[in-house]
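One structure below.
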There are 2 protein chains.
Amino acid sequence: MHAVLAQLVADLPDGVVVTGAAEIDKYREDFARDGSAGTPIAVVRAETAEQVQQAVRWAAEHRVPVVPRGAGTGLSGGSSAVDGGITISLDRMRAIEVDTACQVAIVEPGALNVEVKAAAAKHGLWYPPDPSSFEICSIGGNLATNAGGLCCVKYGVTTDYVLGMDVVLADGTLVRLGGKQIKDVAGLSLLKLFVGSEGTLGIITRAILRLIPAQTAGATLVAAFSTVTAASRAVVAIRGRVRCSMLELMDNTAINAVEDWRSHGLDRSTGALLLAQSDATGAACETEIDLIRECCEKEDASAVFTTSDPDEAAMFVAARRNAFLALEQRGSVLFEDVGVPVPVLPDLVAGITAIASRCEVEIALVAHAGDGNTHPIVVYDAGRPEAVAGARRAFDEVMALAIELGGTITGEHGVGRAKKAALPDQLGAEVMALNRRIKDALDPDGILNPGAVL
Amino acid sequence: MHAVLAQLVADLPDGVVVTGAAEIDKYREDFARDGSAGTPIAVVRAETAEQVQQAVRWAAEHRVPVVPRGAGTGLSGGSSAVDGGITISLDRMRAIEVDTACQVAIVEPGALNVEVKAAAAKHGLWYPPDPSSFEICSIGGNLATNAGGLCCVKYGVTTDYVLGMDVVLADGTLVRLGGKQIKDVAGLSLLKLFVGSEGTLGIITRAILRLIPAQTAGATLVAAFSTVTAASRAVVAIRGRVRCSMLELMDNTAINAVEDWRSHGLDRSTGALLLAQSDATGAACETEIDLIRECCEKEDASAVFTTSDPDEAAMFVAARRNAFLALEQRGSVLFEDVGVPVPVLPDLVAGITAIASRCEVEIALVAHAGDGNTHPIVVYDAGRPEAVAGARRAFDEVMALAIELGGTITGEHGVGRAKKAALPDQLGAEVMALNRRIKDALDPDGILNPGAVL
């Protein structure tokens, strides 16, 4: 072992610094498996913020790249390991404390989203952000990507729930931002700057998250449309009249993939399925569901089904959440995360269909439709080089299309390494330069997550 | 006129650059009248973003300080003019366009908050953020301070509604951030960084603001308590059970000030008044109001009054909103904006009472209680030097107390110049240094709003 690394191993408690090749291999890639991952010289499985500081100080001294990592469920290669670097894994820092009077959860970054939700629920409280992966993704990763989810359409995204954070900077300094106070405009909005910075500006070692009273069960409406265009028009109409607590879309390809994998009782001939929920209480919920139904029927929904049975609703939501898993059964996948202004959804979808046909790949679509945030999923056969090339081309063309339509290459997954090449096309040279100025100001030696985002 | 200034006058259309002493004087101070204002050499009343760019480019070239200014209703001296500098007033840039399909308003910074609300309302849409000053404050100022208001307790603050902004940087470059897409995590969260930056990082020349379906009228509950402590305990209990659409507090001093000024029918003997609203629909609204009532009665509210008559409700809300105006009738005022975690409200209030007595000044309290954000208002006689000194001491001590209680010196008004001295006490040296690094990266010559915040 190199003498420099030996020093880090000696400085930290036994077992914190992992150097065995087999162990390290488990921390190389995230769920994007984008092929960018190198091999780190060690993985630091930190148990405390102090250990994170020690590791970063060591890395700063020796100019060793540092990749922060949560649960490794990212979909854009944001925590892909770097050759010659270290990966700091936060998976052992999982403490959760709920302050019921302040209605906040004080959490360590390795805690899973589902664990925070569960801890809050014990006190009748709710942490809303709910990525589809909420059962396996970490809060640290959610913060690093400003993760979204299904309830965002009414309840907002991760950044809306962050009141405080401890962040270890590139030189090992730990800064404490915000607190348990709900409103705070003292100084620049540094808290919001670190949220979504994908480990390029600092490493989050603790967060204070806002909780709200538990959501009521509400009711669910499922509507079938002959085309995604019609479903999208219904989405625009619905948004003008109701604040749904969920407004999701699946296209015919996604429906069939889910049915192939495990039947959820969906009609395979459906062009597009809308899944809407209202969590208003009592008669207000019925009113909202009626308004949603009206909007769907105006767009010729062929079948509208409503239920207030939570189990029945859960089945439909599971079908939607399982689309990623189901599509992975069909071949290799590239996960898109493009977003457009909601009324442009039909144009995006039509363009994606054309791209799929041109590149000879299958592209399924699931979407947080109410937010205009879509997940086109490119499915291809990794064994055929021309299929790989077609998939890559499709992946790039979908991002280019989103930009052309005034949208974004990523609504909630982050840029990571998988989408880095397309970022300048969206932001332009001047905004890229502005990103770079902030990055250079906070990490002048560029040791934090090099190769990601910028 | 100095040759350098003559060049700016010549470069911009007639009437844009104001140099007359009497005219300039109107743009020297904001509502804080904190005594920090100098005399600028000119006021640029820009009509377009290009004119803002021209003025900033000129200022950058000649190292002239630039103070951006909205409607001048700020309460912390954030737009106080600087000797030898220019003030760029955005009061002529007031265009508002509503895109109903995207549910956004595209607004210029000089548009008043009330004008954005009105434009949205024409289409059944709503722009929630509502500072007490919403009828006279500008959107640009709201963005610069990340302004809050009464509905924030359920609907969040300005930053939660910003989807896109055009910002003129310190060198005159205009960057376009975000867009009409609702979710976008491409690159660093620059949009959120500029919100609340009080003109120290750039000048906002356009914003894309998210709108939501119009709020329903709902119902109002007014509860009288013998002490602010009891009222605060009720607030904590209410927050655990209901997401009120408003949860405001007035103390006995504020009640009497309002009654002195113009009778709103409030009982002058009341120790503290809570003003709560639910905007849930139908029976759900009744349920929420019942829960609120229960929480109030558990804390021995002496009188609980409810109404679903909008006019009657508006009278109480007006009483609360008018507290600032009413208190200004009693003498000179210093506006505080301290916030603490909600359960600590009673400690803050008790401490403020002690400070008032120690410093021999009157301090009235109105609060966005549901957010723990309070406005202690120090009233004093500016003609008596010892009263001035006492008021200044009280102002500083209240901020110190908020910090000691784990809170903030400003929840929504901004640091400006009035609270600048206390900022390091709250943030500490390391977070101050981090603020400074961002500031230096974006405005290396320090021409943007020098003397404010940092």
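FYI, nothing fancy with the structure tokens labels: chains A, B, ... in order, residues from 1 per chain, ligands from 1 as they appear.
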
Using only C-alpha atoms, what does the table of chain A residues within 7 Å of chain B look like, with each row giving the shortest atom pair and its distance in Å to one decimal, sorted by chain and ascending number, as CSV?
```
residue,atom,partner,partner_atom,distance
A:Ala101,CA,B:Pro343,CA,6.1
A:Cys102,CA,B:Val342,CA,6.1
A:Asn146,CA,B:Val185,CA,7.0
A:Asp160,CA,B:Asp160,CA,7.0
A:Val175,CA,B:Val431,CA,6.3
A:Lys180,CA,B:Pro341,CA,5.3
A:Gln181,CA,B:Pro341,CA,4.2
A:Ile182,CA,B:Asp371,CA,5.7
A:Lys183,CA,B:Gly411,CA,4.8
A:Asp184,CA,B:Gly411,CA,4.2
A:Val185,CA,B:Gly411,CA,5.4
A:Ala186,CA,B:Thr410,CA,5.7
A:Gly187,CA,B:Val453,CA,6.5
A:Leu188,CA,B:Ser197,CA,5.4
A:Ser189,CA,B:Leu193,CA,5.3
A:Leu190,CA,B:Leu193,CA,6.8
A:Lys192,CA,B:Lys192,CA,6.1
A:Leu193,CA,B:Ser189,CA,5.3
A:Gly196,CA,B:Leu188,CA,6.5
A:Ser197,CA,B:Leu188,CA,5.4
A:Pro213,CA,B:Gly240,CA,5.9
A:Val236,CA,B:Ala101,CA,6.4
A:Gly240,CA,B:Pro213,CA,5.9
A:Arg241,CA,B:Pro213,CA,5.9
A:Val242,CA,B:Pro213,CA,6.6
A:Thr281,CA,B:Ala284,CA,5.5
A:Gly282,CA,B:Ala284,CA,6.1
A:Ala283,CA,B:Ala283,CA,6.5
A:Ala284,CA,B:Thr281,CA,5.5
A:Gly339,CA,B:Gln181,CA,6.5
A:Val340,CA,B:Gln181,CA,5.1
A:Pro341,CA,B:Gln181,CA,4.2
A:Val342,CA,B:Cys102,CA,6.1
A:Pro343,CA,B:Ala101,CA,6.0
A:Asp371,CA,B:Ile182,CA,5.7
A:Gly372,CA,B:Gln181,CA,6.8
A:Asn373,CA,B:Lys183,CA,6.7
A:Gly407,CA,B:Gln181,CA,5.9
A:Thr408,CA,B:Asp184,CA,6.0
A:Ile409,CA,B:Ala186,CA,6.7
A:Thr410,CA,B:Ala186,CA,5.7
A:Gly411,CA,B:Asp184,CA,4.2
A:Glu412,CA,B:Val185,CA,5.8
A:Gly414,CA,B:Val185,CA,5.8
A:Val415,CA,B:Ala186,CA,6.0
A:Leu423,CA,B:Ala186,CA,6.9
A:Glu430,CA,B:Val175,CA,6.6
A:Val431,CA,B:Val175,CA,6.3
A:Asn435,CA,B:Leu188,CA,6.3
A:Arg437,CA,B:Ala441,CA,6.0
A:Ile438,CA,B:Ile438,CA,6.4
A:Ala441,CA,B:Arg437,CA,6.0
A:Val453,CA,B:Gly187,CA,6.5
```

Where in stretch 3-245 of chain A does DSSP assign strand (DSSP E), given as JSON, numbers by chain?
{"A": [17, 18, 42, 43, 44, 45, 66, 67, 68, 69, 86, 87, 88, 89, 96, 97, 98, 99, 104, 105, 106, 107, 125, 126, 162, 163, 164, 165, 166, 167, 168, 174, 175, 176, 177, 178, 203, 204, 205, 206, 207, 208, 209, 210, 212, 213, 219, 220, 221, 222, 223, 224, 225]}

Got a sec: who's within 9 Å of B:Ala170, counting only C-alpha atoms, leaving out chain neighbours fewer than 4 positions off, as a PyMOL selection string?
chain B and resi 56-57+59-60+200-203+442-448

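If you look at atom CA of A:Asp171 and atom CA of A:Glu29, they are 25.4 Å away from each other.
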
Hey, could you make a per-residue contact list for stretch 347-429 of chain B against stretch 223-228 of chain B with 12 Å as the cut-off, showing the nearest pair of atoms and its distance in Å to one decimal, counting only C-alpha atoms, sorted by chain and number, as a Markdown table?
```
| residue | atom | partner | partner_atom | distance |
| --- | --- | --- | --- | --- |
| B:Asp347 | CA | B:Val228 | CA | 10.0 |
| B:Leu348 | CA | B:Val228 | CA | 10.2 |
| B:Val349 | CA | B:Val228 | CA | 7.2 |
| B:Ala350 | CA | B:Val228 | CA | 8.6 |
| B:Gly351 | CA | B:Val228 | CA | 11.9 |
| B:Ile352 | CA | B:Val228 | CA | 11.5 |
| B:Thr353 | CA | B:Val228 | CA | 10.7 |
| B:Ala364 | CA | B:Val228 | CA | 11.8 |
| B:Leu365 | CA | B:Val228 | CA | 9.6 |
| B:Val366 | CA | B:Val228 | CA | 10.6 |
| B:Ala367 | CA | B:Val228 | CA | 10.8 |
| B:Ala369 | CA | B:Val228 | CA | 10.5 |
```

Would you export the selected residues with all heavy atoms as an mmCIF file, in the first residue's frame, please?
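Resulting contents of part.cif:
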```cif
data_model
loop_
_atom_site.group_PDB
_atom_site.id
_atom_site.type_symbol
_atom_site.label_atom_id
_atom_site.label_comp_id
_atom_site.auth_asym_id
_atom_site.auth_seq_id
_atom_site.Cartn_x
_atom_site.Cartn_y
_atom_site.Cartn_z
ATOM 1 N N ASP B 347 -40.098 31.874 24.630
ATOM 2 C CA ASP B 347 -38.840 32.383 25.184
ATOM 3 C C ASP B 347 -38.428 33.688 24.513
ATOM 4 O O ASP B 347 -37.958 34.614 25.153
ATOM 5 C CB ASP B 347 -37.728 31.336 24.995
ATOM 6 C CG ASP B 347 -38.086 30.002 25.627
ATOM 7 O OD1 ASP B 347 -38.488 30.010 26.800
ATOM 8 O OD2 ASP B 347 -38.011 28.975 24.938
ATOM 9 N N LEU B 348 -38.620 33.728 23.185
ATOM 10 C CA LEU B 348 -38.284 34.946 22.457
ATOM 11 C C LEU B 348 -39.123 36.108 22.972
ATOM 12 O O LEU B 348 -38.612 37.199 23.258
ATOM 13 C CB LEU B 348 -38.517 34.733 20.948
ATOM 14 C CG LEU B 348 -38.212 35.934 20.058
ATOM 15 C CD1 LEU B 348 -36.717 36.206 19.994
ATOM 16 C CD2 LEU B 348 -38.755 35.732 18.636
ATOM 17 N N VAL B 349 -40.413 35.852 23.104
ATOM 18 C CA VAL B 349 -41.335 36.907 23.512
ATOM 19 C C VAL B 349 -41.022 37.392 24.924
ATOM 20 O O VAL B 349 -40.977 38.602 25.185
ATOM 21 C CB VAL B 349 -42.788 36.380 23.418
ATOM 22 C CG1 VAL B 349 -43.742 37.377 24.044
ATOM 23 C CG2 VAL B 349 -43.139 36.106 21.967
ATOM 24 N N ALA B 350 -40.746 36.457 25.826
ATOM 25 C CA ALA B 350 -40.410 36.835 27.203
ATOM 26 C C ALA B 350 -39.132 37.679 27.219
ATOM 27 O O ALA B 350 -39.055 38.696 27.923
ATOM 28 C CB ALA B 350 -40.237 35.576 28.053
ATOM 29 N N GLY B 351 -38.178 37.251 26.414
ATOM 30 C CA GLY B 351 -36.914 37.991 26.341
ATOM 31 C C GLY B 351 -37.101 39.392 25.790
ATOM 32 O O GLY B 351 -36.470 40.348 26.245
ATOM 33 N N ILE B 352 -37.969 39.523 24.815
ATOM 34 C CA ILE B 352 -38.220 40.838 24.209
ATOM 35 C C ILE B 352 -38.862 41.783 25.228
ATOM 36 O O ILE B 352 -38.510 42.963 25.312
ATOM 37 C CB ILE B 352 -39.097 40.691 22.943
ATOM 38 C CG1 ILE B 352 -38.267 40.035 21.821
ATOM 39 C CG2 ILE B 352 -39.623 42.052 22.482
ATOM 40 C CD1 ILE B 352 -39.068 39.640 20.590
ATOM 41 N N THR B 353 -39.787 41.255 26.011
ATOM 42 C CA THR B 353 -40.421 42.062 27.056
ATOM 43 C C THR B 353 -39.359 42.605 28.019
ATOM 44 O O THR B 353 -39.374 43.786 28.396
ATOM 45 C CB THR B 353 -41.457 41.225 27.835
ATOM 46 O OG1 THR B 353 -42.368 40.666 26.883
ATOM 47 C CG2 THR B 353 -42.221 42.062 28.845
ATOM 48 N N ALA B 364 -43.616 46.457 20.206
ATOM 49 C CA ALA B 364 -44.850 45.736 19.872
ATOM 50 C C ALA B 364 -44.464 44.487 19.090
ATOM 51 O O ALA B 364 -43.435 44.452 18.418
ATOM 52 C CB ALA B 364 -45.745 46.623 19.021
ATOM 53 N N LEU B 365 -45.314 43.478 19.168
ATOM 54 C CA LEU B 365 -44.995 42.244 18.455
ATOM 55 C C LEU B 365 -46.141 41.812 17.542
ATOM 56 O O LEU B 365 -47.274 41.629 17.987
ATOM 57 C CB LEU B 365 -44.711 41.113 19.448
ATOM 58 C CG LEU B 365 -44.213 39.823 18.793
ATOM 59 C CD1 LEU B 365 -42.700 39.881 18.618
ATOM 60 C CD2 LEU B 365 -44.589 38.611 19.628
ATOM 61 N N VAL B 366 -45.844 41.684 16.273
ATOM 62 C CA VAL B 366 -46.736 40.959 15.377
ATOM 63 C C VAL B 366 -45.878 39.832 14.791
ATOM 64 O O VAL B 366 -44.661 39.968 14.694
ATOM 65 C CB VAL B 366 -47.307 41.842 14.238
ATOM 66 C CG1 VAL B 366 -48.247 42.891 14.807
ATOM 67 C CG2 VAL B 366 -46.198 42.507 13.440
ATOM 68 N N ALA B 367 -46.504 38.734 14.438
ATOM 69 C CA ALA B 367 -45.690 37.588 14.013
ATOM 70 C C ALA B 367 -46.421 36.698 13.026
ATOM 71 O O ALA B 367 -47.622 36.501 13.113
ATOM 72 C CB ALA B 367 -45.287 36.757 15.241
ATOM 73 N N ALA B 369 -46.660 33.684 13.170
ATOM 74 C CA ALA B 369 -46.365 32.772 14.272
ATOM 75 C C ALA B 369 -46.165 31.331 13.804
ATOM 76 O O ALA B 369 -45.319 30.610 14.329
ATOM 77 C CB ALA B 369 -47.483 32.844 15.303
#
```

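Put simply, atom CA of B:Met250 is 24.1 Å away from atom CA of B:Ala387.
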